[in-house]
$ cat entry-v7.pdb   # PDB, C-alpha atoms
ATOM      1  CA  MET A   1       0.000   0.000   0.000
ATOM      2  CA  SER A   2       1.494   3.342  -1.140
ATOM      3  CA  THR A   3       1.155   6.304   1.223
ATOM      4  CA  ASN A   4       0.500   8.790  -1.609
ATOM      5  CA  GLU A   5      -2.595   6.957  -2.850
ATOM      6  CA  THR A   6      -4.395   6.472   0.443
ATOM      7  CA  THR A   7      -3.474   9.471   2.589
ATOM      8  CA  PRO A   8      -4.656  12.941   1.648
ATOM      9  CA  PRO A   9      -1.886  15.404   0.663
ATOM     10  CA  ASN A  10      -0.349  17.451   3.451
ATOM     11  CA  LEU A  11       2.903  19.356   3.917
ATOM     12  CA  SER A  12       4.853  16.214   4.772
ATOM     13  CA  ASN A  13       4.047  14.286   1.568
ATOM     14  CA  LEU A  14       3.730  16.979  -1.134
ATOM     15  CA  ARG A  15       5.577  16.194  -4.383
ATOM     16  CA  PRO A  16       5.666  18.007  -7.726
ATOM     17  CA  PRO A  17       3.826  16.268 -10.593
ATOM     18  CA  ALA A  18       5.902  13.662 -12.416
ATOM     19  CA  GLY A  19       7.892  15.185 -15.291
ATOM     20  CA  SER A  20       7.414  18.798 -14.211
ATOM     21  CA  ARG A  21      10.926  19.227 -12.762
ATOM     22  CA  HIS A  22      14.061  18.940 -14.906
ATOM     23  CA  ARG A  23      17.728  18.933 -14.111
ATOM     24  CA  LYS A  24      19.603  22.098 -15.122
ATOM     25  CA  VAL A  25      21.702  21.577 -18.266
ATOM     26  CA  ARG A  26      25.384  22.138 -17.403
ATOM     27  CA  VAL A  27      27.170  23.517 -20.441
ATOM     28  CA  GLY A  28      30.892  23.572 -21.125
ATOM     29  CA  ARG A  29      31.591  20.226 -19.425
ATOM     30  CA  GLY A  30      33.476  18.415 -22.183
ATOM     31  CA  MET A  31      32.909  17.216 -25.718
ATOM     32  CA  GLY A  32      30.962  14.136 -24.628
ATOM     33  CA  SER A  33      28.110  16.270 -23.338
ATOM     34  CA  ASN A  34      27.329  17.799 -26.792
ATOM     35  CA  LEU A  35      27.629  21.208 -25.117
ATOM     36  CA  GLY A  36      31.405  21.360 -24.691
ATOM     37  CA  LYS A  37      33.939  23.770 -26.230
ATOM     38  CA  THR A  38      31.727  26.758 -27.213
ATOM     39  CA  ALA A  39      28.941  25.735 -24.798
ATOM     40  CA  GLY A  40      26.166  26.393 -27.328
ATOM     41  CA  LYS A  41      27.264  29.981 -28.009
ATOM     42  CA  GLY A  42      28.652  29.427 -31.491
ATOM     43  CA  ASN A  43      31.984  30.811 -32.711
ATOM     44  CA  LYS A  44      33.368  34.289 -32.020
ATOM     45  CA  GLY A  45      31.471  37.593 -31.946
ATOM     46  CA  GLY A  46      30.021  39.649 -29.116
ATOM     47  CA  LYS A  47      27.257  37.193 -28.303
ATOM     48  CA  SER A  48      29.754  34.438 -27.570
ATOM     49  CA  ARG A  49      31.635  36.496 -24.987
ATOM     50  CA  SER A  50      30.832  36.866 -21.315
ATOM     51  CA  GLY A  51      29.379  40.229 -20.296
ATOM     52  CA  TYR A  52      27.836  40.888 -23.723
ATOM     53  CA  ARG A  53      24.875  43.225 -23.636
ATOM     54  CA  LEU A  54      22.954  44.543 -26.641
ATOM     55  CA  ARG A  55      22.908  48.354 -26.621
ATOM     56  CA  ARG A  56      19.441  49.929 -26.484
ATOM     57  CA  GLY A  57      18.373  50.902 -30.010
ATOM     58  CA  PHE A  58      21.104  48.805 -31.684
ATOM     59  CA  GLU A  59      19.935  47.367 -35.003
ATOM     60  CA  GLY A  60      22.837  45.148 -35.991
ATOM     61  CA  GLY A  61      24.905  47.937 -37.525
ATOM     62  CA  GLN A  62      22.027  49.342 -39.589
ATOM     63  CA  MET A  63      21.421  53.045 -38.938
ATOM     64  CA  PRO A  64      19.060  52.992 -35.918
ATOM     65  CA  LEU A  65      15.542  54.376 -36.184
ATOM     66  CA  HIS A  66      16.175  57.225 -33.747
ATOM     67  CA  ARG A  67      18.971  58.465 -36.037
ATOM     68  CA  ARG A  68      17.061  57.924 -39.296
ATOM     69  CA  LEU A  69      14.094  60.100 -38.304
ATOM     70  CA  PRO A  70      14.299  63.889 -38.730
ATOM     71  CA  LYS A  71      14.549  66.000 -35.596
ATOM     72  CA  ARG A  72      12.335  69.059 -35.254
ATOM     73  CA  GLY A  73      11.457  71.598 -32.608
ATOM     74  CA  PHE A  74      12.629  71.658 -29.017
ATOM     75  CA  THR A  75      11.412  70.922 -25.513
ATOM     76  CA  ASN A  76      10.899  73.992 -23.364
ATOM     77  CA  VAL A  77      12.311  73.028 -19.970
ATOM     78  CA  PHE A  78      10.765  76.143 -18.411
ATOM     79  CA  GLY A  79       7.243  75.488 -19.764
ATOM     80  CA  HIS A  80       4.282  74.750 -17.492
ATOM     81  CA  ASP A  81       1.412  72.375 -18.175
ATOM     82  CA  PHE A  82      -2.079  73.457 -17.145
ATOM     83  CA  ALA A  83      -5.469  71.818 -17.047
ATOM     84  CA  VAL A  84      -7.408  74.367 -19.111
ATOM     85  CA  VAL A  85     -11.064  75.319 -18.695
ATOM     86  CA  ASN A  86     -12.820  77.627 -21.145
ATOM     87  CA  LEU A  87     -14.920  80.471 -19.824
ATOM     88  CA  GLY A  88     -18.035  79.164 -21.575
ATOM     89  CA  ALA A  89     -17.949  76.047 -19.382
ATOM     90  CA  LEU A  90     -18.440  78.214 -16.265
ATOM     91  CA  ALA A  91     -21.950  79.207 -17.399
ATOM     92  CA  ARG A  92     -23.379  76.184 -15.550
ATOM     93  CA  PHE A  93     -22.646  77.840 -12.181
ATOM     94  CA  ALA A  94     -25.275  79.996 -10.465
ATOM     95  CA  ALA A  95     -24.770  83.741 -10.099
ATOM     96  CA  GLY A  96     -22.631  84.610  -7.084
ATOM     97  CA  ASP A  97     -21.034  81.153  -6.856
ATOM     98  CA  THR A  98     -17.362  80.662  -6.093
ATOM     99  CA  VAL A  99     -15.580  78.565  -8.698
ATOM    100  CA  THR A 100     -12.539  76.686  -7.346
ATOM    101  CA  PRO A 101     -10.294  73.997  -8.871
ATOM    102  CA  GLU A 102     -11.923  71.467  -6.503
ATOM    103  CA  ARG A 103     -15.436  72.329  -7.776
ATOM    104  CA  LEU A 104     -14.203  72.050 -11.372
ATOM    105  CA  ARG A 105     -12.816  68.591 -10.615
ATOM    106  CA  GLU A 106     -16.101  67.513  -8.988
ATOM    107  CA  LEU A 107     -17.993  68.542 -12.127
ATOM    108  CA  ARG A 108     -15.359  66.746 -14.245
ATOM    109  CA  LEU A 109     -14.455  69.901 -16.139
ATOM    110  CA  VAL A 110     -10.874  69.143 -15.080
ATOM    111  CA  ARG A 111      -9.723  65.522 -15.313
ATOM    112  CA  ASP A 112      -6.091  65.641 -14.179
ATOM    113  CA  ARG A 113      -5.866  66.291 -10.440
ATOM    114  CA  SER A 114      -2.105  66.900 -10.479
ATOM    115  CA  LEU A 115      -2.106  69.882 -12.870
ATOM    116  CA  PRO A 116      -2.801  73.498 -11.919
ATOM    117  CA  VAL A 117      -5.943  75.021 -13.464
ATOM    118  CA  LYS A 118      -5.921  77.820 -16.032
ATOM    119  CA  ILE A 119      -9.064  79.663 -17.176
ATOM    120  CA  LEU A 120      -9.103  80.672 -20.849
ATOM    121  CA  GLY A 121     -11.327  83.315 -22.457
ATOM    122  CA  GLU A 122     -13.060  81.086 -25.038
ATOM    123  CA  GLY A 123     -16.837  81.547 -24.837
ATOM    124  CA  GLU A 124     -19.018  84.094 -23.089
ATOM    125  CA  ILE A 125     -20.166  84.537 -19.493
ATOM    126  CA  ALA A 126     -23.076  86.737 -18.384
ATOM    127  CA  ILE A 127     -23.222  85.997 -14.643
ATOM    128  CA  ALA A 128     -21.096  87.370 -11.800
ATOM    129  CA  LEU A 129     -18.809  84.669 -10.389
ATOM    130  CA  THR A 130     -15.845  84.592  -8.050
ATOM    131  CA  VAL A 131     -13.320  82.489  -9.943
ATOM    132  CA  ARG A 132     -10.284  81.056  -8.159
ATOM    133  CA  ALA A 133      -7.613  79.380 -10.300
ATOM    134  CA  HIS A 134      -3.857  79.121 -10.686
ATOM    135  CA  ALA A 135      -3.723  81.160 -13.905
ATOM    136  CA  PHE A 136      -5.960  83.227 -16.186
ATOM    137  CA  SER A 137      -5.654  84.464 -19.741
ATOM    138  CA  ARG A 138      -5.980  88.220 -20.211
ATOM    139  CA  SER A 139      -9.262  87.849 -22.123
ATOM    140  CA  ALA A 140     -10.703  85.618 -19.377
ATOM    141  CA  ARG A 141      -9.896  88.238 -16.721
ATOM    142  CA  GLU A 142     -11.544  90.976 -18.803
ATOM    143  CA  LYS A 143     -14.714  88.964 -19.524
ATOM    144  CA  ILE A 144     -15.159  87.910 -15.866
ATOM    145  CA  ALA A 145     -14.707  91.529 -14.723
ATOM    146  CA  ALA A 146     -17.114  92.763 -17.422
ATOM    147  CA  ALA A 147     -19.763  90.322 -16.152
ATOM    148  CA  GLY A 148     -19.352  91.735 -12.622
ATOM    149  CA  GLY A 149     -17.314  88.857 -11.226
ATOM    150  CA  THR A 150     -13.968  88.756  -9.490
ATOM    151  CA  VAL A 151     -10.743  86.895 -10.254
ATOM    152  CA  GLU A 152      -8.556  85.373  -7.516
ATOM    153  CA  GLN A 153      -5.229  83.856  -8.523
ATOM    154  CA  LEU A 154      -4.062  81.010  -6.294
TER     155      LEU A 154
END
$ encode --input "entry-v7.pdb" --output "structure tokens"
Amino acid sequence: MSTNETTPPNLSNLRPPAGSRHRKVRVGRGMGSNLGKTAGKGNKGGKSRSGYRLRRGFEGGQMPLHRRLPKRGFTNVFGHDFAVVNLGALARFAAGDTVTPERLRELRLVRDRSLPVKILGEGEIAIALTVRAHAFSRSAREKIAAAGGTVEQL
């Protein structure tokens, strides 16, 4: 009577399924092993040497893609990204309301929570609002003031 067939499995008699575990192949252990001499790495070249590492973007000596493509423009390291809201979107607020970045996020007018909010002058506004934001365009400031509202920069 075999113990594995009759007793339920527990920590003392667990075994991996038959055939699921294999011995590691040891290369470079003589010609009789079929993996002697070059140990399956072929003859010469970078890939046969220890410490070889393919450089990122290397295409086998062909001119790499990042060098074949034309370069244009520049990245402004002093630029700021804003979550922009147009003035016309503020028409949904009631007269006398205070518009804050938090309220704009609640109403999903601003999606990205990490960016500061900038109000742009696109659209019209006819109600007096107190608008608090991190930045305003000149036309947005003028239109809010013309409607009787106030602008507070955070």
$ closest_residue --input "entry-v7.pdb" --among "A:Leu35, A:Leu69, A:Ala135, A:Ala126" --to "Val84 of chain A" --atoms "only C-alpha atoms"
A:Ala135
$ resolve_selection --input "entry-v7.pdb" --expression "the PyMOL selection byres ((chain A and resi 115) around 7)" --output "compact mmCIF listing (two decimals) with C-alpha atoms, in the coordinates of the input"
# COMPACT_ATOMS: atom_id res chain seq x y z
CA ASP A 81 1.41 72.38 -18.18
CA PHE A 82 -2.08 73.46 -17.14
CA ALA A 83 -5.47 71.82 -17.05
CA ASP A 112 -6.09 65.64 -14.18
CA ARG A 113 -5.87 66.29 -10.44
CA SER A 114 -2.10 66.90 -10.48
CA PRO A 116 -2.80 73.50 -11.92
CA VAL A 117 -5.94 75.02 -13.46
$ residues_around --input "entry-v7.pdb" --residues "segment 94-103 of chain A" --least-positions-apart "5" --cutoff "6 Å" --atoms "all atoms listed in the file" --output "number ranges by chain"
A: 127-132
$ atom_distance --input "entry-v7.pdb" --atom1 "atom CA of Arg141 of chain A" --atom2 "atom CA of Val77 of chain A"
27.1 Å
$ residues_around --input "entry-v7.pdb" --residues "Gly88 of chain A" --least-positions-apart "3" --cutoff "9 Å" --atoms "only C-alpha atoms" --output "compact mmCIF listing (two decimals) with C-alpha atoms, keeping the file's coordinate frame"
# COMPACT_ATOMS: atom_id res chain seq x y z
CA VAL A 85 -11.06 75.32 -18.70
CA ALA A 91 -21.95 79.21 -17.40
CA ARG A 92 -23.38 76.18 -15.55
CA GLY A 121 -11.33 83.32 -22.46
CA GLU A 122 -13.06 81.09 -25.04
CA GLY A 123 -16.84 81.55 -24.84
CA GLU A 124 -19.02 84.09 -23.09
CA ILE A 125 -20.17 84.54 -19.49
$ closest_residue --input "entry-v7.pdb" --among "A:Thr6, A:Lys47, A:Arg72, A:His22" --to "Gly60 of chain A" --atoms "all atoms listed in the file"
A:Lys47
$ atom_distance --input "entry-v7.pdb" --atom1 "atom CA of Lys44 of chain A" --atom2 "atom CA of Met63 of chain A"
23.3 Å
$ atom_distance --input "entry-v7.pdb" --atom1 "atom CA of Gly46 of chain A" --atom2 "atom CA of Arg26 of chain A"
21.6 Å
$ closest_residue --input "entry-v7.pdb" --among "A:Ala89, A:Leu120, A:Leu104, A:Leu109" --to "Glu142 of chain A" --atoms "all atoms listed in the file"
A:Leu120
